[in-house]
Amino acid sequence: MNQTQLPIIDVSPLRSGTGGAEAAAEIGRACRDLGFFYASGHGISADTLAALDAASRRFFALPEARKMEIAMARGGRAWRGYFPVGGELTSGAPDRKQGLYFGEELGPDDVRVQAGLPLHGANLFPEHVPELKPAVLRFMDEATHAAHAIMEGVALSLGLDAHYFRRTYTAQPTLLFRVFEYPAGDDASWGVGEHTDYGLLTLLAQDEHGGLQVRTPQGWIEAPPVPGALVCNIGDMLDRLTGGLYKSTPHRVRNVSGKSRLSFPFFFDPGWDAEIVPLPEHAHAGDDSSERWDRANVHAWSGTYGDYLLSKVSKVFPELAGRV
């Protein structure tokens, strides 16, 4: 595989149920070699992406006081809402971005909300940009369908039945969605520093300005926007499940375009209470902490996905974590 650029994989056969063996094999190669690939044929419509982009730009153009009307502190345990530039940390350092946190839209009668689970509840939407709500919820719905299909490809690539992950981990997935704006200027600062994602699969839509970088065995490479395609990458839990066969790959962002950059990462993760147990044939992974960005051995960890996620997100927003 050419490791100076990410492969582009047509996942439409997985979505349509008309085979998908070739797409699954390509996904397997990408997960083993890079942990990243582009997905075309994903089923998220151009209209959905355009509406989300336009509504997001309108929101970030609001005065700060208007944006703070839905500050994350008002989201409570649901961990939803807006944070300003510098309000999110990576490895203890503030990122140069502002953003919105969303998740699955859950009412007060949902059993997970009634149980007081962190990161579960209702979203906060801005009164002054009413079109953002339908755009976000439509994107999340379409992205969920795409993620289920891609995870079927991941399952097939591992020699499992197509519905393995849906049956064991994602019947009721943890769905988290972010809208990030990386301001123009100061291109010496990292929009977000080196990190890996926490769960199973991330689907990323990004605008035309680029800035995403992926670490490969040969060094850092750019992952520029490809029209009509999403960036896909695997997270720590798939690394853990496969004993390191499929690696969660470090990545980072620096906006050098001179313009405001938007990105839309959607995280498709195991259910909150799912116990993460390595696949039997991948249960004996070694200690890879010396190779990881955070020097943590993900293969030494055990417990539920909710435990893992909360421990990680608490480092991103330590003040908010104290309240939860």
# chains A, B, ... in the order shown; residues from 1 in each chain; ligands from 1
call {"tool": "residues_around", "arguments": {"residues": "segment 51-67 of chain A", "least_positions_apart": "4", "cutoff": "8 Å", "atoms": "only C-alpha atoms", "output": "list in words"}}
result
Asp47, Ala71, Tyr82, Pro126, His128, Val129, Glu131, Leu132, Ala135, Val136, Phe139, Val179, Glu181 and Leu262 of chain A
call {"tool": "write_last_selection", "arguments": {"atoms": "C-alpha atoms", "output": "PDB file, in the first residue's frame"}}
result
ATOM      1  CA  ASP A  47     -27.598  18.134   0.821  1.00  0.00           C
ATOM      2  CA  ALA A  71     -22.323  26.509  27.007  1.00  0.00           C
ATOM      3  CA  TYR A  82     -20.589  24.875  23.155  1.00  0.00           C
ATOM      4  CA  PRO A 126     -29.031  27.544  19.611  1.00  0.00           C
ATOM      5  CA  HIS A 128     -30.675  31.992  16.970  1.00  0.00           C
ATOM      6  CA  VAL A 129     -29.734  29.297  14.423  1.00  0.00           C
ATOM      7  CA  GLU A 131     -31.749  25.228  11.264  1.00  0.00           C
ATOM      8  CA  LEU A 132     -28.785  23.692  13.107  1.00  0.00           C
ATOM      9  CA  ALA A 135     -29.115  19.498  10.174  1.00  0.00           C
ATOM     10  CA  VAL A 136     -27.300  17.843  13.100  1.00  0.00           C
ATOM     11  CA  PHE A 139     -26.418  13.997   9.727  1.00  0.00           C
ATOM     12  CA  VAL A 179     -18.681  20.289  15.142  1.00  0.00           C
ATOM     13  CA  GLU A 181     -14.207  25.394  13.964  1.00  0.00           C
ATOM     14  CA  LEU A 262     -14.823  23.273   9.845  1.00  0.00           C
TER      15      LEU A 262
END
call {"tool": "residues_around", "arguments": {"residues": "Ala300 of chain A", "least_positions_apart": "2", "cutoff": "10 Å", "atoms": "only C-alpha atoms", "output": "list in words"}}
result
Arg240, Ala285, Gly286, Asp287, Asp288, Ser289, Ala296, Asn297, Val298 and Ser302 of chain A
call {"tool": "write_last_selection", "arguments": {"atoms": "C-alpha atoms", "output": "tab-separated table (two decimals), in the first residue's frame"}}
result
chain	number	residue	atom	x	y	z
A	240	ARG	CA	-8.05	-3.62	22.06
A	285	ALA	CA	-1.48	-8.68	22.75
A	286	GLY	CA	1.79	-7.32	23.99
A	287	ASP	CA	2.52	-4.03	25.75
A	288	ASP	CA	2.58	-1.34	23.06
A	289	SER	CA	2.75	1.63	25.43
A	296	ALA	CA	-0.69	3.92	27.86
A	297	ASN	CA	-1.10	0.19	27.25
A	298	VAL	CA	-4.64	-0.09	25.92
A	302	SER	CA	-10.43	-3.97	31.14
call {"tool": "residues_around", "arguments": {"residues": "segment 4-18 of chain A", "least_positions_apart": "5", "cutoff": "8 Å", "atoms": "only C-alpha atoms", "output": "list of chain:residue names"}}
result
A:Ala23, A:Glu26, A:Ile27, A:Ala30, A:Leu34, A:Phe36, A:Phe37, A:Tyr38, A:Ala39, A:Ser40, A:Gly41, A:His42, A:Gly43, A:Ala146, A:Ala149, A:Ile150, A:Glu152, A:Gly153, A:Ile221, A:Glu222, A:Ala223, A:Ala229
call {"tool": "write_last_selection", "arguments": {"atoms": "all heavy atoms", "output": "compact mmCIF listing (two decimals), in the first residue's frame"}}
result
# COMPACT_ATOMS: atom_id res chain seq x y z
N ALA A 23 -14.87 -4.84 -0.66
CA ALA A 23 -14.75 -3.66 0.22
C ALA A 23 -14.23 -4.06 1.59
O ALA A 23 -13.39 -3.37 2.18
CB ALA A 23 -16.10 -2.95 0.34
N GLU A 26 -10.52 -4.63 1.47
CA GLU A 26 -9.81 -3.35 1.41
C GLU A 26 -9.80 -2.66 2.77
O GLU A 26 -8.79 -2.08 3.17
CB GLU A 26 -10.45 -2.45 0.35
CG GLU A 26 -10.28 -2.94 -1.07
CD GLU A 26 -10.95 -2.01 -2.06
OE1 GLU A 26 -11.18 -0.84 -1.74
OE2 GLU A 26 -11.25 -2.47 -3.18
N ILE A 27 -10.92 -2.74 3.48
CA ILE A 27 -10.98 -2.16 4.82
C ILE A 27 -9.99 -2.86 5.74
O ILE A 27 -9.28 -2.22 6.52
CB ILE A 27 -12.42 -2.26 5.37
CG1 ILE A 27 -13.33 -1.26 4.66
CG2 ILE A 27 -12.45 -2.00 6.89
CD1 ILE A 27 -14.81 -1.42 4.98
N ALA A 30 -6.49 -1.65 5.04
CA ALA A 30 -6.29 -0.29 5.54
C ALA A 30 -6.17 -0.26 7.06
O ALA A 30 -5.35 0.47 7.61
CB ALA A 30 -7.46 0.59 5.09
N LEU A 34 -2.68 1.24 8.18
CA LEU A 34 -2.72 2.65 8.55
C LEU A 34 -3.73 2.99 9.63
O LEU A 34 -3.56 3.99 10.32
CB LEU A 34 -3.03 3.51 7.30
CG LEU A 34 -1.94 3.56 6.23
CD1 LEU A 34 -2.49 4.27 4.99
CD2 LEU A 34 -0.72 4.28 6.75
N PHE A 36 -6.51 4.13 8.93
CA PHE A 36 -7.25 5.24 8.32
C PHE A 36 -7.56 4.89 6.87
O PHE A 36 -6.77 4.21 6.20
CB PHE A 36 -6.40 6.52 8.31
CG PHE A 36 -6.61 7.43 9.48
CD1 PHE A 36 -5.96 7.20 10.67
CD2 PHE A 36 -7.42 8.55 9.37
CE1 PHE A 36 -6.12 8.04 11.75
CE2 PHE A 36 -7.60 9.41 10.44
CZ PHE A 36 -6.94 9.16 11.64
N PHE A 37 -8.69 5.38 6.36
CA PHE A 37 -9.00 5.29 4.93
C PHE A 37 -10.10 6.29 4.62
O PHE A 37 -10.74 6.84 5.53
CB PHE A 37 -9.42 3.87 4.53
CG PHE A 37 -10.62 3.32 5.28
CD1 PHE A 37 -11.91 3.45 4.78
CD2 PHE A 37 -10.45 2.66 6.50
CE1 PHE A 37 -13.00 2.94 5.47
CE2 PHE A 37 -11.53 2.13 7.19
CZ PHE A 37 -12.81 2.28 6.68
N TYR A 38 -10.30 6.57 3.35
CA TYR A 38 -11.45 7.35 2.91
C TYR A 38 -12.56 6.38 2.52
O TYR A 38 -12.30 5.33 1.93
CB TYR A 38 -11.11 8.19 1.68
CG TYR A 38 -10.13 9.31 1.89
CD1 TYR A 38 -8.80 9.17 1.48
CD2 TYR A 38 -10.52 10.51 2.47
CE1 TYR A 38 -7.89 10.20 1.65
CE2 TYR A 38 -9.61 11.56 2.64
CZ TYR A 38 -8.30 11.39 2.23
OH TYR A 38 -7.41 12.42 2.39
N ALA A 39 -13.80 6.75 2.84
CA ALA A 39 -14.97 5.96 2.43
C ALA A 39 -15.80 6.77 1.45
O ALA A 39 -16.28 7.86 1.79
CB ALA A 39 -15.81 5.57 3.63
N SER A 40 -15.96 6.26 0.25
CA SER A 40 -16.92 6.84 -0.69
C SER A 40 -18.15 5.95 -0.71
O SER A 40 -18.15 4.84 -0.17
CB SER A 40 -16.30 6.92 -2.09
OG SER A 40 -15.99 5.63 -2.59
N GLY A 41 -19.23 6.43 -1.30
CA GLY A 41 -20.46 5.65 -1.32
C GLY A 41 -21.05 5.41 0.04
O GLY A 41 -21.72 4.40 0.28
N HIS A 42 -20.85 6.35 0.96
CA HIS A 42 -21.24 6.17 2.36
C HIS A 42 -22.70 6.45 2.64
O HIS A 42 -23.21 6.08 3.71
CB HIS A 42 -20.38 7.06 3.26
CG HIS A 42 -20.24 8.46 2.74
ND1 HIS A 42 -21.27 9.39 2.78
CD2 HIS A 42 -19.19 9.08 2.14
CE1 HIS A 42 -20.85 10.52 2.23
NE2 HIS A 42 -19.59 10.37 1.84
N GLY A 43 -23.38 7.14 1.75
CA GLY A 43 -24.81 7.36 1.92
C GLY A 43 -25.22 8.62 2.64
O GLY A 43 -26.41 8.89 2.80
N ALA A 146 -24.36 4.62 7.96
CA ALA A 146 -23.08 4.39 7.30
C ALA A 146 -22.12 3.63 8.20
O ALA A 146 -21.42 2.70 7.75
CB ALA A 146 -22.47 5.74 6.89
N ALA A 149 -22.82 -0.08 8.46
CA ALA A 149 -22.40 -0.79 7.25
C ALA A 149 -20.89 -0.99 7.22
O ALA A 149 -20.39 -2.07 6.88
CB ALA A 149 -22.87 -0.02 6.01
N ILE A 150 -20.14 0.06 7.57
CA ILE A 150 -18.68 -0.04 7.56
C ILE A 150 -18.20 -1.04 8.60
O ILE A 150 -17.26 -1.82 8.36
CB ILE A 150 -18.04 1.35 7.76
CG1 ILE A 150 -18.34 2.22 6.54
CG2 ILE A 150 -16.53 1.24 7.99
CD1 ILE A 150 -17.98 3.68 6.73
N GLU A 152 -19.79 -3.65 9.47
CA GLU A 152 -20.01 -4.97 8.88
C GLU A 152 -18.81 -5.36 8.03
O GLU A 152 -18.37 -6.52 8.04
CB GLU A 152 -21.29 -4.97 8.04
CG GLU A 152 -22.56 -4.88 8.88
CD GLU A 152 -23.83 -4.95 8.05
OE1 GLU A 152 -23.74 -5.30 6.85
OE2 GLU A 152 -24.92 -4.66 8.60
N GLY A 153 -18.25 -4.38 7.31
CA GLY A 153 -17.03 -4.66 6.55
C GLY A 153 -15.86 -5.00 7.45
O GLY A 153 -15.07 -5.90 7.14
N ILE A 221 1.61 12.20 7.40
CA ILE A 221 1.12 12.51 6.06
C ILE A 221 -0.14 13.36 6.17
O ILE A 221 -0.83 13.35 7.20
CB ILE A 221 0.82 11.24 5.24
CG1 ILE A 221 -0.33 10.43 5.87
CG2 ILE A 221 2.08 10.39 5.09
CD1 ILE A 221 -0.84 9.30 4.99
N GLU A 222 -0.44 14.10 5.13
CA GLU A 222 -1.66 14.89 5.07
C GLU A 222 -2.84 14.00 4.69
O GLU A 222 -2.68 13.03 3.94
CB GLU A 222 -1.52 16.02 4.04
CG GLU A 222 -0.40 17.00 4.31
CD GLU A 222 -0.66 17.89 5.52
OE1 GLU A 222 -1.84 18.14 5.83
OE2 GLU A 222 0.33 18.33 6.15
N ALA A 223 -4.01 14.33 5.22
CA ALA A 223 -5.26 13.66 4.83
C ALA A 223 -6.23 14.72 4.34
O ALA A 223 -7.17 15.09 5.04
CB ALA A 223 -5.84 12.87 6.00
N ALA A 229 -16.18 12.01 -0.15
CA ALA A 229 -15.69 10.93 0.72
C ALA A 229 -15.55 11.40 2.15
O ALA A 229 -15.34 12.59 2.41
CB ALA A 229 -14.34 10.41 0.21
call {"tool": "residues_around", "arguments": {"residues": "Tyr246 of chain A", "least_positions_apart": "3", "cutoff": "10 Å", "atoms": "only C-alpha atoms", "output": "number ranges by chain"}}
result
A: 28-35, 154, 158, 234-243, 249
call {"tool": "write_last_selection", "arguments": {"atoms": "N, CA and C atoms", "output": "PDB file, in the first residue's frame"}}
result
ATOM      1  N   GLY A  28      -9.918  -4.203   5.653  1.00  0.00           N
ATOM      2  CA  GLY A  28      -8.970  -4.944   6.475  1.00  0.00           C
ATOM      3  C   GLY A  28      -7.540  -4.516   6.226  1.00  0.00           C
ATOM      4  N   ARG A  29      -7.170  -4.366   4.964  1.00  0.00           N
ATOM      5  CA  ARG A  29      -5.804  -3.932   4.640  1.00  0.00           C
ATOM      6  C   ARG A  29      -5.526  -2.546   5.205  1.00  0.00           C
ATOM      7  N   ALA A  30      -6.488  -1.648   5.040  1.00  0.00           N
ATOM      8  CA  ALA A  30      -6.294  -0.286   5.543  1.00  0.00           C
ATOM      9  C   ALA A  30      -6.174  -0.264   7.057  1.00  0.00           C
ATOM     10  N   CYS A  31      -6.977  -1.079   7.739  1.00  0.00           N
ATOM     11  CA  CYS A  31      -6.926  -1.109   9.203  1.00  0.00           C
ATOM     12  C   CYS A  31      -5.611  -1.697   9.707  1.00  0.00           C
ATOM     13  N   ARG A  32      -5.083  -2.668   9.011  1.00  0.00           N
ATOM     14  CA  ARG A  32      -3.801  -3.252   9.416  1.00  0.00           C
ATOM     15  C   ARG A  32      -2.628  -2.306   9.128  1.00  0.00           C
ATOM     16  N   ASP A  33      -2.682  -1.621   7.990  1.00  0.00           N
ATOM     17  CA  ASP A  33      -1.533  -0.824   7.555  1.00  0.00           C
ATOM     18  C   ASP A  33      -1.506   0.579   8.136  1.00  0.00           C
ATOM     19  N   LEU A  34      -2.678   1.236   8.185  1.00  0.00           N
ATOM     20  CA  LEU A  34      -2.718   2.649   8.548  1.00  0.00           C
ATOM     21  C   LEU A  34      -3.729   2.992   9.633  1.00  0.00           C
ATOM     22  N   GLY A  35      -4.805   2.205   9.741  1.00  0.00           N
ATOM     23  CA  GLY A  35      -5.871   2.561  10.677  1.00  0.00           C
ATOM     24  C   GLY A  35      -6.745   3.688  10.178  1.00  0.00           C
ATOM     25  N   VAL A 154     -15.741  -4.303   8.575  1.00  0.00           N
ATOM     26  CA  VAL A 154     -14.679  -4.614   9.537  1.00  0.00           C
ATOM     27  C   VAL A 154     -14.842  -6.044  10.051  1.00  0.00           C
ATOM     28  N   LEU A 158     -12.309  -9.509   9.510  1.00  0.00           N
ATOM     29  CA  LEU A 158     -11.728 -10.265  10.616  1.00  0.00           C
ATOM     30  C   LEU A 158     -12.185 -11.724  10.621  1.00  0.00           C
ATOM     31  N   ILE A 234     -10.088   3.993  12.931  1.00  0.00           N
ATOM     32  CA  ILE A 234     -10.485   3.110  14.021  1.00  0.00           C
ATOM     33  C   ILE A 234      -9.959   3.654  15.339  1.00  0.00           C
ATOM     34  N   GLY A 235     -10.628   3.267  16.420  1.00  0.00           N
ATOM     35  CA  GLY A 235     -10.292   3.784  17.739  1.00  0.00           C
ATOM     36  C   GLY A 235      -9.680   2.740  18.650  1.00  0.00           C
ATOM     37  N   ASP A 236      -9.423   3.165  19.886  1.00  0.00           N
ATOM     38  CA  ASP A 236      -8.729   2.321  20.864  1.00  0.00           C
ATOM     39  C   ASP A 236      -9.442   1.005  21.133  1.00  0.00           C
ATOM     40  N   MET A 237     -10.778   1.007  21.111  1.00  0.00           N
ATOM     41  CA  MET A 237     -11.495  -0.218  21.448  1.00  0.00           C
ATOM     42  C   MET A 237     -11.344  -1.278  20.364  1.00  0.00           C
ATOM     43  N   LEU A 238     -11.267  -0.882  19.093  1.00  0.00           N
ATOM     44  CA  LEU A 238     -11.029  -1.864  18.049  1.00  0.00           C
ATOM     45  C   LEU A 238      -9.584  -2.349  18.099  1.00  0.00           C
ATOM     46  N   ASP A 239      -8.673  -1.484  18.479  1.00  0.00           N
ATOM     47  CA  ASP A 239      -7.288  -1.880  18.743  1.00  0.00           C
ATOM     48  C   ASP A 239      -7.264  -2.947  19.845  1.00  0.00           C
ATOM     49  N   ARG A 240      -7.987  -2.687  20.931  1.00  0.00           N
ATOM     50  CA  ARG A 240      -8.053  -3.621  22.057  1.00  0.00           C
ATOM     51  C   ARG A 240      -8.699  -4.943  21.657  1.00  0.00           C
ATOM     52  N   LEU A 241      -9.805  -4.886  20.929  1.00  0.00           N
ATOM     53  CA  LEU A 241     -10.521  -6.092  20.547  1.00  0.00           C
ATOM     54  C   LEU A 241      -9.689  -6.992  19.634  1.00  0.00           C
ATOM     55  N   THR A 242      -8.858  -6.388  18.787  1.00  0.00           N
ATOM     56  CA  THR A 242      -8.081  -7.158  17.817  1.00  0.00           C
ATOM     57  C   THR A 242      -6.647  -7.396  18.270  1.00  0.00           C
ATOM     58  N   GLY A 243      -6.348  -7.098  19.525  1.00  0.00           N
ATOM     59  CA  GLY A 243      -5.014  -7.348  20.044  1.00  0.00           C
ATOM     60  C   GLY A 243      -3.925  -6.581  19.326  1.00  0.00           C
ATOM     61  N   THR A 249      -4.716   4.866  15.222  1.00  0.00           N
ATOM     62  CA  THR A 249      -3.582   5.639  14.717  1.00  0.00           C
ATOM     63  C   THR A 249      -3.627   7.081  15.199  1.00  0.00           C
TER      64      THR A 249
END
call {"tool": "select_by_dssp", "arguments": {"residues": "segment 21-201 of chain A", "states": "helix (DSSP H, G or I)", "output": "VMD selection string"}}
result
chain A and resid 21 to 33 46 to 60 64 to 70 72 to 74 76 to 78 111 to 114 132 to 157 164 to 168
